[in-house]
>>> print(open('work22.txt').read())   # compact mmCIF, C-alpha atoms and all ligand atoms
# COMPACT_ATOMS: atom_id res chain seq x y z
CA MET A 1 1.88 7.18 28.33
CA ASN A 2 1.23 3.89 26.65
CA THR A 3 3.34 3.14 23.62
CA LEU A 4 2.54 1.39 20.40
CA TRP A 5 5.63 -0.48 19.22
CA LEU A 6 6.25 -0.71 15.51
CA CYS A 7 9.21 -3.06 15.25
CA LEU A 8 10.32 -3.97 11.75
CA CYS A 9 13.07 -6.15 10.35
CA ALA A 10 13.73 -6.37 6.61
CA GLY A 11 10.12 -5.78 5.63
CA ASP A 12 8.60 -7.94 8.36
CA ILE A 13 6.70 -6.47 11.28
CA LEU A 14 6.55 -7.79 14.82
CA LEU A 15 3.00 -8.70 15.82
CA LYS A 16 1.37 -9.84 19.02
CA ARG A 17 -0.80 -12.89 18.79
CA GLU A 18 -4.22 -12.14 20.24
CA GLY A 19 -5.36 -15.69 20.79
CA ALA A 20 -5.68 -18.94 18.99
CA ASP A 21 -8.04 -17.66 16.29
CA GLY A 22 -5.35 -16.09 14.15
CA ALA A 23 -5.93 -12.51 15.28
CA PHE A 24 -2.94 -10.23 15.71
CA SER A 25 -2.28 -6.70 16.87
CA LEU A 26 0.64 -4.32 17.17
CA PRO A 27 2.40 -4.76 20.52
CA MET A 28 1.43 -2.11 23.03
CA GLY A 29 2.80 -1.32 26.46
CA VAL A 30 5.09 0.88 28.45
CA GLU A 31 7.94 -1.55 27.85
CA PRO A 32 9.01 -2.75 24.39
CA PRO A 33 7.76 -6.19 23.35
CA VAL A 34 11.35 -7.46 23.23
CA PRO A 35 14.45 -6.05 24.95
CA LEU A 36 16.00 -3.39 22.73
CA LYS A 37 19.50 -2.14 22.16
CA PRO A 38 19.82 1.52 21.26
CA TRP A 39 21.76 1.90 18.07
CA ASN A 40 20.79 5.04 16.38
CA HIS A 41 18.50 7.35 18.25
CA VAL A 42 16.68 9.56 15.86
CA THR A 43 15.25 11.69 18.60
CA SER A 44 15.83 11.77 22.35
CA PHE A 45 14.65 8.62 23.94
CA LYS A 46 14.76 9.30 27.64
CA ASP A 47 12.58 6.42 28.69
CA LEU A 48 14.80 3.71 27.35
CA LYS A 49 16.36 1.76 30.19
CA ILE A 50 19.82 0.86 29.03
CA ASP A 51 20.28 -1.58 31.93
CA ASP A 52 17.41 -3.67 30.70
CA LEU A 53 19.03 -4.45 27.41
CA LYS A 54 19.69 -8.12 27.06
CA ILE A 55 19.66 -9.06 23.42
CA ASP A 56 22.94 -7.81 22.02
CA ASP A 57 22.30 -8.79 18.46
CA LEU A 58 19.39 -6.40 18.11
CA LYS A 59 20.36 -3.14 16.50
CA ILE A 60 17.76 -0.51 16.62
CA ASP A 61 16.82 2.72 15.03
CA ASP A 62 14.54 4.42 17.46
CA PHE A 63 12.10 7.02 16.29
CA LYS A 64 9.98 8.69 18.86
CA ILE A 65 6.89 10.51 17.74
CA ASP A 66 5.36 12.06 20.79
CA ASP A 67 1.64 12.54 21.18
CA PHE A 68 0.97 10.79 17.95
CA LYS A 69 -2.68 11.27 17.14
CA ILE A 70 -4.14 8.05 15.89
CA ASP A 71 -7.30 9.90 14.93
CA ASP A 72 -5.40 11.85 12.35
CA LEU A 73 -4.67 8.68 10.48
CA LYS A 74 -8.20 7.38 10.22
CA ILE A 75 -8.99 7.36 6.57
CA ASP A 76 -12.12 5.29 6.57
CA ASP A 77 -13.06 5.97 3.00
CA LEU A 78 -10.26 3.73 1.85
CA LYS A 79 -12.28 0.76 2.97
CA ILE A 80 -9.37 -1.60 2.79
CA GLU A 81 -10.82 -4.82 4.03
CA GLY A 82 -8.97 -7.89 5.00
CA LEU A 83 -10.21 -10.98 6.75
CA VAL A 84 -12.60 -10.23 9.54
CA GLN A 85 -10.33 -10.15 12.54
CA GLN A 86 -10.31 -8.79 16.00
CA LYS A 87 -9.91 -5.02 15.64
CA SER A 88 -7.73 -4.68 18.67
CA LEU A 89 -6.61 -1.13 18.03
CA ASN A 90 -10.16 0.12 17.96
CA GLN A 91 -10.27 -0.23 21.71
CA LYS A 92 -6.77 1.14 22.15
CA SER A 93 -7.47 4.23 20.08
CA LEU A 94 -10.28 5.27 22.42
CA ASN A 95 -7.41 7.20 23.94
CA PRO A 96 -6.85 9.74 21.16
CA LYS A 97 -3.23 10.34 22.06
CA ILE A 98 -0.78 7.55 22.03
CA GLU A 99 2.96 7.32 21.78
CA LEU A 100 4.34 5.62 18.73
CA ARG A 101 7.81 4.18 18.58
CA ILE A 102 9.27 2.88 15.40
CA VAL A 103 12.06 0.40 15.78
CA ARG A 104 14.32 -1.12 13.17
CA LEU A 105 15.39 -4.55 14.33
CA ASP A 106 18.70 -5.88 13.09
CA SER A 107 17.51 -9.46 13.30
CA PRO A 108 14.06 -11.00 13.41
CA VAL A 109 12.43 -11.94 16.71
CA VAL A 110 12.04 -15.71 16.85
CA GLY A 111 10.97 -18.10 19.57
CA VAL A 112 9.28 -15.52 21.79
CA ALA A 113 5.89 -16.70 23.04
CA GLY A 114 3.00 -14.63 21.75
CA LEU A 115 5.09 -12.71 19.23
CA GLU A 116 5.46 -13.32 15.53
CA MET A 117 7.21 -11.59 12.63
CA MET A 118 5.05 -11.26 9.54
CA GLY A 119 5.53 -9.74 6.08
CA LEU A 120 4.05 -6.25 6.00
CA ARG A 121 1.77 -7.02 3.08
CA LYS A 122 0.57 -10.24 4.65
CA SER A 123 -0.19 -8.35 7.84
CA HIS A 124 -2.97 -6.51 5.98
CA ALA A 125 -5.12 -9.59 6.34
CA VAL A 126 -4.75 -9.85 10.11
CA LEU A 127 -4.45 -6.25 11.35
CA SER A 128 -7.12 -3.60 11.58
CA ALA A 129 -7.00 -0.96 8.83
CA GLU A 130 -5.61 1.57 11.33
CA GLU A 131 -2.85 -0.71 12.48
CA TYR A 132 -1.91 -1.68 8.94
CA LYS A 133 -1.63 1.99 7.99
CA LEU A 134 0.61 2.67 10.97
CA ALA A 135 2.76 -0.32 10.09
CA GLY A 136 3.10 1.02 6.54
CA LYS A 137 4.03 4.46 7.82
CA ALA A 138 6.69 2.92 10.04
CA ALA A 139 8.10 0.91 7.15
CA GLU A 140 8.25 4.00 4.95
CA LEU A 141 9.98 6.11 7.62
CA ILE A 142 12.57 3.41 8.19
CA TYR A 143 13.17 3.10 4.46
CA TRP A 144 13.45 6.88 4.14
CA ASP A 145 15.83 7.10 7.10
CA GLN A 146 18.11 4.46 5.61
CA ASN A 147 18.16 6.22 2.25
CA THR A 148 18.79 9.75 3.48
CA LYS A 149 21.77 9.28 5.77
CA TYR A 150 23.81 11.78 3.79
CA CYS A 151 23.00 15.09 2.19
CA GLY A 152 22.32 14.81 -1.54
CA CYS A 153 23.89 18.24 -2.10
CA CYS A 154 27.18 18.19 -0.21
CA GLY A 155 27.50 14.62 1.09
CA ALA A 156 27.69 15.52 4.79
CA PRO A 157 25.62 13.50 7.29
CA ASN A 158 21.97 14.44 7.74
CA LYS A 159 20.46 14.61 11.20
CA TRP A 160 16.84 14.35 12.24
CA GLN A 161 15.21 17.74 12.59
CA THR A 162 11.58 16.84 13.25
CA GLU A 163 9.81 13.48 13.42
CA ILE A 164 9.48 13.52 9.66
CA SER A 165 12.37 15.62 8.39
CA LYS A 166 16.15 15.85 8.40
CA GLN A 167 18.69 18.60 7.95
CA CYS A 168 22.22 18.49 6.59
CA THR A 169 24.82 19.10 9.31
CA GLU A 170 27.01 21.07 6.88
CA CYS A 171 25.01 23.04 4.34
CA GLY A 172 21.74 23.12 6.28
CA LYS A 173 19.55 21.80 3.48
CA GLU A 174 16.31 20.30 4.74
CA TRP A 175 15.13 16.90 3.57
CA TRP A 176 11.53 15.77 3.67
CA PRO A 177 10.07 12.42 2.65
CA SER A 178 9.00 12.54 -0.95
CA VAL A 179 7.08 9.44 -1.90
CA ALA A 180 7.20 7.89 -5.35
CA THR A 181 3.85 8.49 -7.02
CA ALA A 182 2.36 5.88 -9.30
CA ILE A 183 -0.91 5.73 -11.20
CA ILE A 184 -3.12 2.69 -11.70
CA VAL A 185 -6.15 2.53 -13.96
CA ARG A 186 -9.12 0.25 -14.51
CA ILE A 187 -10.11 0.26 -18.18
CA THR A 188 -13.37 -1.31 -19.27
CA ARG A 189 -15.27 -1.67 -22.52
CA PHE A 190 -18.20 -3.47 -24.04
CA LYS A 191 -17.22 -6.64 -25.76
CA ASP A 192 -18.39 -5.86 -29.24
CA LEU A 193 -18.19 -2.19 -29.99
CA LYS A 194 -19.94 -2.73 -33.30
CA ILE A 195 -23.19 -3.55 -31.53
CA ASP A 196 -25.07 -0.32 -31.43
CA HIS A 197 -27.69 0.55 -28.92
CA LEU A 198 -30.58 -0.71 -31.02
CA LYS A 199 -28.95 -4.05 -31.50
CA ILE A 200 -28.35 -4.38 -27.80
CA GLU A 201 -32.02 -3.67 -27.13
CA ASP A 202 -32.92 -6.15 -29.79
CA GLN A 203 -30.71 -8.74 -28.21
CA MET A 204 -32.15 -8.01 -24.80
CA GLN A 205 -35.62 -8.70 -26.08
CA GLN A 206 -34.61 -11.83 -27.92
CA GLN A 207 -32.72 -13.29 -25.02
CA SER A 208 -34.94 -11.83 -22.31
CA LEU A 209 -31.90 -10.35 -20.69
CA ASN A 210 -32.06 -7.50 -18.29
CA GLN A 211 -29.49 -4.73 -18.40
CA LYS A 212 -27.55 -6.17 -15.49
CA SER A 213 -27.01 -9.58 -16.98
CA LEU A 214 -26.24 -8.02 -20.33
CA ASN A 215 -23.55 -5.91 -18.69
CA ARG A 216 -22.21 -8.97 -17.00
CA GLN A 217 -21.84 -10.76 -20.29
CA MET A 218 -20.74 -7.88 -22.46
CA GLU A 219 -18.54 -5.68 -20.32
CA GLU A 220 -14.85 -6.45 -20.16
CA ILE A 221 -11.93 -5.27 -18.08
CA LEU A 222 -8.35 -4.92 -19.27
CA LEU A 223 -6.00 -7.00 -17.12
CA VAL A 224 -2.27 -7.43 -17.56
CA ARG A 225 0.51 -9.48 -16.05
CA ALA A 226 3.63 -7.49 -15.24
CA LYS A 227 7.01 -9.18 -15.42
CA ASN A 228 7.69 -8.28 -11.80
CA PHE A 229 4.56 -10.03 -10.42
CA ARG A 230 5.68 -12.82 -8.12
CA THR A 231 2.48 -14.83 -8.41
CA ASN A 232 0.40 -15.75 -11.45
CA HIS A 233 -2.19 -13.03 -10.89
CA TYR A 234 -3.23 -10.36 -13.36
CA GLY A 235 -3.45 -6.70 -12.42
CA LEU A 236 -4.25 -3.31 -13.89
CA VAL A 237 -2.09 -1.03 -15.98
CA ALA A 238 0.10 0.97 -13.63
CA GLY A 239 3.26 3.02 -13.70
CA PHE A 240 5.24 5.80 -12.11
CA LEU A 241 4.57 9.45 -12.59
CA GLU A 242 7.34 11.18 -14.53
CA THR A 243 8.69 14.62 -13.76
CA GLY A 244 6.77 17.42 -15.40
CA GLU A 245 3.68 15.29 -15.81
CA ASN A 246 0.30 15.55 -14.15
CA LEU A 247 -1.54 12.42 -13.05
CA GLU A 248 -3.93 12.37 -16.00
CA GLU A 249 -1.07 12.62 -18.49
CA ALA A 250 0.73 9.80 -16.68
CA VAL A 251 -2.32 7.54 -17.02
CA VAL A 252 -2.74 8.21 -20.74
CA ARG A 253 0.98 7.74 -21.37
CA GLU A 254 1.27 4.52 -19.36
CA VAL A 255 -1.79 2.98 -21.01
CA HIS A 256 -0.47 3.85 -24.44
CA GLU A 257 3.07 2.65 -23.71
CA GLU A 258 2.04 -0.62 -22.09
CA THR A 259 -0.94 -1.62 -24.23
CA GLY A 260 -1.12 0.63 -27.30
CA ILE A 261 -4.78 1.48 -26.73
CA SER A 262 -6.37 4.86 -26.10
CA ILE A 263 -8.84 5.72 -23.34
CA LYS A 264 -11.54 8.28 -22.56
CA ASN A 265 -13.67 9.38 -19.60
CA LEU A 266 -10.78 9.26 -17.15
CA ARG A 267 -12.07 9.57 -13.59
CA TYR A 268 -10.38 9.67 -10.20
CA PHE A 269 -11.16 6.67 -8.01
CA GLY A 270 -9.04 6.96 -4.86
CA SER A 271 -5.50 6.65 -3.61
CA GLN A 272 -3.53 4.50 -1.24
CA ALA A 273 -0.23 4.73 0.57
CA TRP A 274 1.88 1.91 -0.79
CA PRO A 275 4.83 1.16 1.50
CA TYR A 276 6.58 -1.22 -0.93
CA PRO A 277 8.89 0.48 -0.35
CA PHE A 278 7.84 4.10 -0.42
CA GLY A 279 4.96 5.15 -2.59
CA LEU A 280 1.53 6.49 -3.26
CA MET A 281 -0.80 4.71 -5.68
CA VAL A 282 -3.38 6.95 -7.33
CA GLY A 283 -6.28 5.01 -8.83
CA PHE A 284 -8.40 5.95 -11.85
CA THR A 285 -11.10 4.43 -13.99
CA ALA A 286 -11.44 4.93 -17.74
CA ASP A 287 -13.34 3.68 -20.76
CA TYR A 288 -11.70 2.10 -23.75
CA ALA A 289 -11.62 4.48 -26.70
CA GLY A 290 -9.83 2.56 -29.44
CA GLY A 291 -6.84 0.62 -30.69
CA GLU A 292 -5.64 -2.96 -30.61
CA ILE A 293 -3.68 -4.32 -27.66
CA ARG A 294 0.07 -4.30 -28.29
CA LEU A 295 1.80 -5.32 -25.06
CA GLN A 296 5.03 -3.64 -24.04
CA ARG A 297 7.10 -6.79 -23.76
CA GLU A 298 9.77 -5.25 -21.52
CA GLU A 299 7.10 -4.70 -18.85
CA LEU A 300 4.26 -7.16 -19.48
CA THR A 301 4.05 -10.86 -20.21
CA GLU A 302 0.29 -11.23 -20.72
CA GLY A 303 -2.72 -9.03 -21.13
CA GLY A 304 -6.22 -8.96 -22.52
CA TRP A 305 -9.92 -8.33 -22.00
CA PHE A 306 -11.83 -10.38 -19.45
CA THR A 307 -15.50 -10.58 -18.55
CA ARG A 308 -16.70 -10.85 -14.97
CA ASP A 309 -17.40 -14.52 -15.46
CA ASN A 310 -14.00 -15.28 -16.88
CA LEU A 311 -11.48 -13.57 -14.61
CA PRO A 312 -7.93 -14.84 -14.13
CA PRO A 313 -6.37 -14.75 -10.61
CA ILE A 314 -6.53 -11.14 -9.34
CA PRO A 315 -4.43 -9.25 -6.75
CA ASP A 316 -4.89 -9.66 -2.99
CA LYS A 317 -7.05 -7.34 -0.93
CA ALA A 318 -4.15 -5.20 0.30
CA SER A 319 -3.91 -3.46 -3.08
CA ILE A 320 -5.86 -0.64 -4.66
CA ALA A 321 -5.84 -2.78 -7.81
CA ARG A 322 -8.11 -5.22 -6.03
CA ARG A 323 -10.36 -2.42 -4.79
CA LEU A 324 -10.73 -1.16 -8.35
CA ILE A 325 -11.53 -4.63 -9.65
CA ASP A 326 -13.93 -5.44 -6.78
CA ASP A 327 -15.73 -2.15 -7.37
CA TRP A 328 -16.26 -3.12 -11.00
CA LEU A 329 -17.41 -6.62 -10.08
CA LEU A 330 -20.03 -5.15 -7.76
CA GLN A 331 -21.45 -2.98 -10.53
CA ALA A 332 -23.07 -5.92 -12.28
ZN ZN A 401 24.53 19.33 2.74
>>> encode(input="work22.txt", output="structure tokens")
Amino acid sequence: MNTLWLCLCAGDILLKREGADGAFSLPMGVEPPVPLKPWNHVTSFKDLKIDDLKIDDLKIDDFKIDDFKIDDLKIDDLKIEGLVQQKSLNQKSLNPKIELRIVRLDSPVVGVAGLEMMGLRKSHAVLSAEEYKLAGKAAELIYWDQNTKYCGCCGAPNKWQTEISKQCTECGKEWWPSVATAIIVRITRFKDLKIDHLKIEDQMQQQSLNQKSLNRQMEEILLVRAKNFRTNHYGLVAGFLETGENLEEAVVREVHEETGISIKNLRYFGSQAWPYPFGLMVGFTADYAGGEIRLQREELTEGGWFTRDNLPPIPDKASIARRLIDDWLLQA
């Protein structure tokens, strides 16, 4: 069976260059893309040819997920779009069953023709949506493996039980991946809430504006800059779900804590696995209900209302934040 190799090293994934046009894919083949050294087999790995191992400085965690069904991972409604690139996996996934091997490299692969290490988030722009999702899954499983080596109850070593679970070798407690859930919300309002409907109509007549252009001028989105943003972009209010909370309560609380305003008409938008390092982002939209912006200075450095014509730098296309913002931009 052909194998898809998901080889990661410190957040970077090994990609195969598909030509000179900047297209990449995940390496595929019976043999691994680079010689591997078995270090910590998570499951039996009969096919690995020990004699072939040549690069001693590679330490590997091998996960083997047999008969991995690519079709199960197709979540087309996410519509995560990067640059238009060769969708190499689309041809590969014509075979519905494919073997997936996840490999943790101890050092990056450099100087191998046709292969390149790339940051996982950056890879969103060059991989197909399917491949990017698989890469994220691999990154999350590696992260989870590294953080669940010992039982949280008794401290004994855990061992892999299934492809996605472990069991304590002493007390028998089972451990399953439990992602960190975060909410993110797009809040919009009309610029001047004092303008009532009649006045808007009046203004439309006076200025010969249609509803669309009026919306474009009058509607604003709340954007904030978090302290932990590495670039100068603005994003949406977001935060982690707390224990005992439902998602809606988390949204209301985060918005109030971070900005001091209140919201209404909360609606579910969509969700996205977020392997940085191990999360699920749940997106919502809401309307502004009241209050003045008071930024939570421990979390945010900037924040305010922006019209469509006056947007600051916004997040890259890998994020659900960008999908929420793009969706709003398209409404006008
Ligand atoms: Zn235990």
>>> residues_near_ligand(input="work22.txt", ligand="ligand ZN 401 (chain A)", cutoff="7 Å", atoms="all atoms listed in the file", output="count of residues only")
12
>>> closest_residue(input="work22.txt", among="A:Lys317, A:Arg225, A:Arg297, A:Arg323", to="A:Phe284", atoms="all atoms listed in the file")
A:Arg323
>>> residues_around(input="work22.txt", residues="A:Gln272", least_positions_apart="5", cutoff="7 Å", atoms="all atoms listed in the file", output="list in words")
Leu280, Met281, Val282 and Ile320 of chain A
>>> residues_around(input="work22.txt", residues="A:Trp305", least_positions_apart="4", cutoff="12 Å", atoms="only C-alpha atoms", output="PyMOL selection string")
chain A and resi 186-192+218-224+234-236+259+288+292-293+309-312
>>> residues_around(input="work22.txt", residues="stretch 138-148 of chain A", least_positions_apart="2", cutoff="6 Å", atoms="all atoms listed in the file", output="list of chain:residue names")
A:Ile102, A:Ala135, A:Gly136, A:Tyr150, A:Pro275, A:Phe278
>>> atom_distance(input="work22.txt", atom1="atom CA of A:Arg267", atom2="atom CA of A:Asn232")
28.3 Å
>>> atom_distance(input="work22.txt", atom1="atom CA of A:Asp106", atom2="atom CA of A:Glu131")
22.2 Å
>>> residues_around(input="work22.txt", residues="A:Lys16", least_positions_apart="3", cutoff="8 Å", atoms="all atoms listed in the file", output="list in words")
Phe24, Ser25, Leu26, Pro27, Gly114, Leu115 and Glu116 of chain A
>>> closest_residue(input="work22.txt", among="A:Gly19, A:Pro277, A:Gly283, A:Gly29", to="A:Ala250", atoms="all atoms listed in the file")
A:Gly283
>>> atom_distance(input="work22.txt", atom1="atom CA of A:Glu257", atom2="atom CA of A:Phe240")
12.2 Å
>>> axis_aligned_box(input="work22.txt", around="stretch 23-37 of chain A", padding_each_side="5 Å", output="AutoDock Vina command-line options")
--center_x 6.8 --center_y -5.8 --center_z 21.9 --size_x 35.4 --size_y 23.4 --size_z 23.2
>>> residues_around(input="work22.txt", residues="A:Trp176", least_positions_apart="5", cutoff="9 Å", atoms="only C-alpha atoms", output="list of chain:residue names")
A:Ile164, A:Ser165, A:Lys166, A:Gln167
>>> closest_residue(input="work22.txt", among="A:Leu6, A:Val34, A:Leu329, A:Leu127", to="A:Leu100", atoms="all atoms listed in the file")
A:Leu6
>>> closest_residue(input="work22.txt", among="A:Thr301, A:Asn158, A:Thr181, A:Gln331", to="A:Glu245", atoms="all atoms listed in the file")
A:Thr181
>>> closest_residue(input="work22.txt", among="A:Val252, A:Lys137, A:Ile263, A:Ser128", to="A:Pro177", atoms="all atoms listed in the file")
A:Lys137
>>> closest_residue(input="work22.txt", among="A:Ala20, A:Met28, A:Ile325, A:Leu4", to="A:Phe269", atoms="only C-alpha atoms")
A:Ile325
